[in-house]
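Enquirer: Please see the structure below; I have some questions.
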Amino acid sequence: MNILAIEDDLEMASFVQRILSEEGHSVETVHDGESGLALARSKEFDLLIVDRMLPRKDGLELVREFRESGGNAPTLFLSALGDVDHRVEGLKAGGDDYLTKPFAPDELLARVDALGRRGGTEAPITILKVGDLEMNLLARTVKRGEESIDLQPREFRLLEFLMRNAGQVVTRTMLLEKVWDYHFDPQTNVIDVHISRLRGKIDKDFDRPLLHTVRGAGYRLQA
């Protein structure tokens with residue numbers, strides 16, 4: 001992808017550029033909001049990565065003005081401000097995702113990949129497959145092999161997110177943000193309960209498990 005990173009912390013900007021470049025992405029960096037907005041408007045980017053607190057133009061204002069001028073590239077906020085209210089402000093300003101500093105390289109890459117898929121212009125995906133597990137997004141059905149699996153709405157949403165990020169480590173924070181919409185404290189066991197229920201439905205009666213716990217990191221759905 002062609003990515004624009006707008007980050008005034010030179011060390012952080014270098015870190016982001018190195019991580020993404022090593023994955024094959026093309027990354028341009030600028031260090032203030034006005035320059036970032038001007039560049040975002042003048043060139044086509046697949047993704048914007050925007051620090052929330054920038055000199056010359058705040059990140060929230062930058063993204064809001066970018067959207068108002070017709071810019072539709074997916075946008076990932078980076079910020080040391082991690083409260084729920086701050087994240088909601090970022091999303092309301094037009095951001096697509098919000099990553100709190102400090103963060104692990106793998107989490108940055110996972111979110112960039114997810115936003116890249118969302119921002120594509122290909123026909124919408126209606127069938128998700130991981131191994132012999134298949135989800136039909138239109139019919140809202142799930143089956144593994146020839147066996148139908150009955151899921152509750154939240155379990156369906158959880159599995160959909162895991163399948164869309166198959167092969168990637170999905171953190172608890174990502175699940176709270178994308179599946180539960182910030183409604184629960186990060187220390188809650190709601191994720192563990194739902195993962196356990198989901199595992200019991202998609203893995204229990206099958207020879208090969210698909211849903212794996214990555215100790216200290218999160219979960220991964222992988223054939």
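Residue numbering restarts at 1 in every chain; chains get A, B, ... in the order shown in the structure tokens, and ligands count up from 1 in that same order.
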Could you pull out the strand (DSSP E) residues of region 35-222 of chain A, going by DSSP on the backbone, and write them as a PyMOL selection string?

Expert: chain A and resi 47-51+75-79+97-100+127-130+133-136+141-144+147-149+211-214+218-221

Enquirer: Can you list, as a CSV table (one decimal) with N, CA, C and O atoms, in the first residue's frame, every protein, DNA or RNA residue that comes within 12 Å of Glu146 (chain A) when you count only C-alpha atoms, leaving out same-chain residues fewer than 4 positions away?

Expert:
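File out27.csv, as written:
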chain,number,residue,atom,x,y,z
A,132,ASP,N,-11.8,-25.6,6.7
A,132,ASP,CA,-13.1,-26.0,6.3
A,132,ASP,C,-14.3,-25.3,7.0
A,132,ASP,O,-15.4,-25.7,7.0
A,133,LEU,N,-13.9,-24.2,7.7
A,133,LEU,CA,-14.9,-23.3,8.3
A,133,LEU,C,-15.4,-22.2,7.3
A,133,LEU,O,-14.5,-21.6,6.7
A,134,GLU,N,-16.7,-22.1,7.1
A,134,GLU,CA,-17.2,-21.2,6.2
A,134,GLU,C,-18.3,-20.3,6.8
A,134,GLU,O,-19.2,-20.8,7.4
A,142,VAL,N,-23.1,-20.2,9.4
A,142,VAL,CA,-21.8,-20.7,9.6
A,142,VAL,C,-21.8,-22.2,9.5
A,142,VAL,O,-22.7,-22.9,10.1
A,206,PHE,N,-14.3,-31.5,16.3
A,206,PHE,CA,-13.5,-31.6,15.1
A,206,PHE,C,-12.1,-32.0,15.4
A,206,PHE,O,-11.6,-31.7,16.5

Enquirer: Name the closest residue to Asp106 (chain A) among the candidates A:Ala217, A:Ile195, A:Met53, A:Leu48; distances are taken between atoms, counting only C-alpha atoms.

Expert: A:Ala217

Enquirer: So which one's closest to Glu23 (chain A), A:Gly36, A:Pro105, A:Gly95, A:Gly90? Using only C-alpha atoms, please.

Expert: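 Nearest to Glu23 (chain A): A:Pro105.
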
Enquirer: Compare A:Leu76, A:Leu62, A:Ile127, A:Val214 by their minimum atom-to-atom distance to Val169 (chain A), counting only C-alpha atoms, and give me the closest one.

Expert: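 Between A:Leu76, A:Leu62, A:Ile127, A:Val214, the residue approaching Val169 (chain A) most closely is A:Val214.
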
Enquirer: Could you check which of A:Arg117, A:Lys101, A:Arg172, A:Arg197 is closest to Glu155 (chain A), using only C-alpha atoms?

Expert: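 For Glu155 (chain A), the nearest of the given residues is A:Arg197.
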
Enquirer: For Asp83 (chain A), which residue among A:Thr100, A:Asn165, A:Ser196, A:Gln17 is the nearest when counting only C-alpha atoms?

Expert: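 Of A:Thr100, A:Asn165, A:Ser196, A:Gln17, the one nearest Asp83 (chain A) is A:Thr100, counting only C-alpha atoms.
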
Enquirer: Find the residues near Leu10 (chain A): any atom within 12 Å, counting only C-alpha atoms, skip ones fewer than 4 places away on the same chain, and give them as an NGL selection string.

Expert: :A and (5-6 or 14-17 or 29-32 or 51 or 54)

Enquirer: Can you write just those residues out, N, CA, C and O atoms, as a PDB file, in the first residue's frame?

Expert:
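Once written, part.pdb looks like this:
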ATOM      1  N   ALA A   5       2.181   8.757   6.642  1.00  0.00           N
ATOM      2  CA  ALA A   5       2.265   8.805   8.098  1.00  0.00           C
ATOM      3  C   ALA A   5       2.524  10.245   8.527  1.00  0.00           C
ATOM      4  O   ALA A   5       3.503  10.855   8.101  1.00  0.00           O
ATOM      5  N   ILE A   6       1.649  10.786   9.362  1.00  0.00           N
ATOM      6  CA  ILE A   6       1.765  12.161   9.845  1.00  0.00           C
ATOM      7  C   ILE A   6       2.034  12.098  11.337  1.00  0.00           C
ATOM      8  O   ILE A   6       1.131  11.834  12.137  1.00  0.00           O
ATOM      9  N   SER A  14      10.001   7.385  12.458  1.00  0.00           N
ATOM     10  CA  SER A  14      10.992   6.475  11.889  1.00  0.00           C
ATOM     11  C   SER A  14      10.635   5.022  12.176  1.00  0.00           C
ATOM     12  O   SER A  14      10.784   4.146  11.321  1.00  0.00           O
ATOM     13  N   PHE A  15      10.135   4.771  13.389  1.00  0.00           N
ATOM     14  CA  PHE A  15       9.723   3.418  13.790  1.00  0.00           C
ATOM     15  C   PHE A  15       8.584   2.917  12.904  1.00  0.00           C
ATOM     16  O   PHE A  15       8.628   1.807  12.365  1.00  0.00           O
ATOM     17  N   VAL A  16       7.561   3.761  12.725  1.00  0.00           N
ATOM     18  CA  VAL A  16       6.412   3.375  11.903  1.00  0.00           C
ATOM     19  C   VAL A  16       6.844   3.131  10.463  1.00  0.00           C
ATOM     20  O   VAL A  16       6.451   2.141   9.837  1.00  0.00           O
ATOM     21  N   GLN A  17       7.680   4.024   9.933  1.00  0.00           N
ATOM     22  CA  GLN A  17       8.124   3.870   8.553  1.00  0.00           C
ATOM     23  C   GLN A  17       8.933   2.595   8.366  1.00  0.00           C
ATOM     24  O   GLN A  17       8.757   1.873   7.382  1.00  0.00           O
ATOM     25  N   THR A  29       6.422  10.275   5.102  1.00  0.00           N
ATOM     26  CA  THR A  29       6.194  10.837   6.430  1.00  0.00           C
ATOM     27  C   THR A  29       6.299  12.352   6.389  1.00  0.00           C
ATOM     28  O   THR A  29       7.143  12.916   5.696  1.00  0.00           O
ATOM     29  N   VAL A  30       5.412  13.011   7.124  1.00  0.00           N
ATOM     30  CA  VAL A  30       5.495  14.448   7.379  1.00  0.00           C
ATOM     31  C   VAL A  30       5.268  14.651   8.869  1.00  0.00           C
ATOM     32  O   VAL A  30       4.749  13.762   9.552  1.00  0.00           O
ATOM     33  N   HIS A  31       5.647  15.844   9.365  1.00  0.00           N
ATOM     34  CA  HIS A  31       5.738  16.001  10.806  1.00  0.00           C
ATOM     35  C   HIS A  31       4.856  17.108  11.385  1.00  0.00           C
ATOM     36  O   HIS A  31       5.007  17.478  12.549  1.00  0.00           O
ATOM     37  N   ASP A  32       3.929  17.648  10.594  1.00  0.00           N
ATOM     38  CA  ASP A  32       2.988  18.610  11.137  1.00  0.00           C
ATOM     39  C   ASP A  32       1.657  18.477  10.400  1.00  0.00           C
ATOM     40  O   ASP A  32       1.592  17.933   9.293  1.00  0.00           O
ATOM     41  N   ASP A  51      -1.032  11.019  13.832  1.00  0.00           N
ATOM     42  CA  ASP A  51      -0.881  11.261  15.263  1.00  0.00           C
ATOM     43  C   ASP A  51      -1.967  12.235  15.707  1.00  0.00           C
ATOM     44  O   ASP A  51      -2.302  13.181  14.984  1.00  0.00           O
ATOM     45  N   LEU A  54      -0.696  17.088  16.896  1.00  0.00           N
ATOM     46  CA  LEU A  54       0.285  17.537  15.912  1.00  0.00           C
ATOM     47  C   LEU A  54       0.454  19.044  15.991  1.00  0.00           C
ATOM     48  O   LEU A  54      -0.487  19.767  16.308  1.00  0.00           O
TER      49      LEU A  54
END

Enquirer: For a quick check of understanding, using only C-alpha atoms, which of A:Ser21, A:Asp8, A:Val27, A:Leu37 has the smallest distance to Leu78 (chain A)?

Expert: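 Result for the nearest residue to Leu78 (chain A): A:Asp8.
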
Enquirer: Do you have the CA of Met135 (chain A)-CA of Leu158 (chain A) distance handy?

Expert: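 Separation of CA of Met135 (chain A) and CA of Leu158 (chain A): 11.9 Å.
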
Enquirer: Please return, as a PyMOL selection string, all residues of region 25-64 of chain A that DSSP assigns to helix (DSSP H, G or I) on the basis of the backbone.

Expert: chain A and resi 33-42+59-64

Enquirer: Can I get the selection written as a PDB file, in the first residue's frame, with N, CA and C atoms?

Expert:
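Now in again09.pdb:
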ATOM      1  N   GLY A  33       0.588  18.969  11.031  1.00  0.00           N
ATOM      2  CA  GLY A  33      -0.744  18.752  10.504  1.00  0.00           C
ATOM      3  C   GLY A  33      -1.028  19.461   9.194  1.00  0.00           C
ATOM      4  N   GLU A  34      -0.562  20.689   9.038  1.00  0.00           N
ATOM      5  CA  GLU A  34      -0.848  21.423   7.813  1.00  0.00           C
ATOM      6  C   GLU A  34      -0.177  20.772   6.607  1.00  0.00           C
ATOM      7  N   SER A  35       1.083  20.378   6.759  1.00  0.00           N
ATOM      8  CA  SER A  35       1.783  19.710   5.663  1.00  0.00           C
ATOM      9  C   SER A  35       1.143  18.362   5.359  1.00  0.00           C
ATOM     10  N   GLY A  36       0.714  17.675   6.421  1.00  0.00           N
ATOM     11  CA  GLY A  36       0.076  16.379   6.224  1.00  0.00           C
ATOM     12  C   GLY A  36      -1.228  16.494   5.466  1.00  0.00           C
ATOM     13  N   LEU A  37      -2.047  17.468   5.811  1.00  0.00           N
ATOM     14  CA  LEU A  37      -3.318  17.657   5.126  1.00  0.00           C
ATOM     15  C   LEU A  37      -3.100  18.035   3.669  1.00  0.00           C
ATOM     16  N   ALA A  38      -2.137  18.921   3.421  1.00  0.00           N
ATOM     17  CA  ALA A  38      -1.863  19.339   2.049  1.00  0.00           C
ATOM     18  C   ALA A  38      -1.417  18.156   1.190  1.00  0.00           C
ATOM     19  N   LEU A  39      -0.552  17.307   1.746  1.00  0.00           N
ATOM     20  CA  LEU A  39      -0.068  16.150   0.993  1.00  0.00           C
ATOM     21  C   LEU A  39      -1.182  15.127   0.793  1.00  0.00           C
ATOM     22  N   ALA A  40      -1.998  14.925   1.817  1.00  0.00           N
ATOM     23  CA  ALA A  40      -3.105  13.966   1.709  1.00  0.00           C
ATOM     24  C   ALA A  40      -4.093  14.381   0.632  1.00  0.00           C
ATOM     25  N   ARG A  41      -4.273  15.696   0.459  1.00  0.00           N
ATOM     26  CA  ARG A  41      -5.193  16.202  -0.551  1.00  0.00           C
ATOM     27  C   ARG A  41      -4.592  16.172  -1.958  1.00  0.00           C
ATOM     28  N   SER A  42      -3.269  16.236  -2.049  1.00  0.00           N
ATOM     29  CA  SER A  42      -2.633  16.381  -3.357  1.00  0.00           C
ATOM     30  C   SER A  42      -2.269  15.048  -4.005  1.00  0.00           C
ATOM     31  N   GLY A  59      -4.561  16.579  14.901  1.00  0.00           N
ATOM     32  CA  GLY A  59      -4.917  15.413  14.104  1.00  0.00           C
ATOM     33  C   GLY A  59      -6.411  15.280  13.878  1.00  0.00           C
ATOM     34  N   LEU A  60      -7.220  15.596  14.902  1.00  0.00           N
ATOM     35  CA  LEU A  60      -8.668  15.524  14.743  1.00  0.00           C
ATOM     36  C   LEU A  60      -9.145  16.497  13.672  1.00  0.00           C
ATOM     37  N   GLU A  61      -8.627  17.716  13.728  1.00  0.00           N
ATOM     38  CA  GLU A  61      -9.012  18.730  12.745  1.00  0.00           C
ATOM     39  C   GLU A  61      -8.556  18.333  11.349  1.00  0.00           C
ATOM     40  N   LEU A  62      -7.339  17.771  11.286  1.00  0.00           N
ATOM     41  CA  LEU A  62      -6.802  17.330   9.996  1.00  0.00           C
ATOM     42  C   LEU A  62      -7.728  16.318   9.333  1.00  0.00           C
ATOM     43  N   VAL A  63      -8.107  15.288  10.079  1.00  0.00           N
ATOM     44  CA  VAL A  63      -8.941  14.228   9.502  1.00  0.00           C
ATOM     45  C   VAL A  63     -10.330  14.758   9.176  1.00  0.00           C
ATOM     46  N   ARG A  64     -10.858  15.611  10.045  1.00  0.00           N
ATOM     47  CA  ARG A  64     -12.194  16.177   9.797  1.00  0.00           C
ATOM     48  C   ARG A  64     -12.195  16.979   8.487  1.00  0.00           C
TER      49      ARG A  64
END
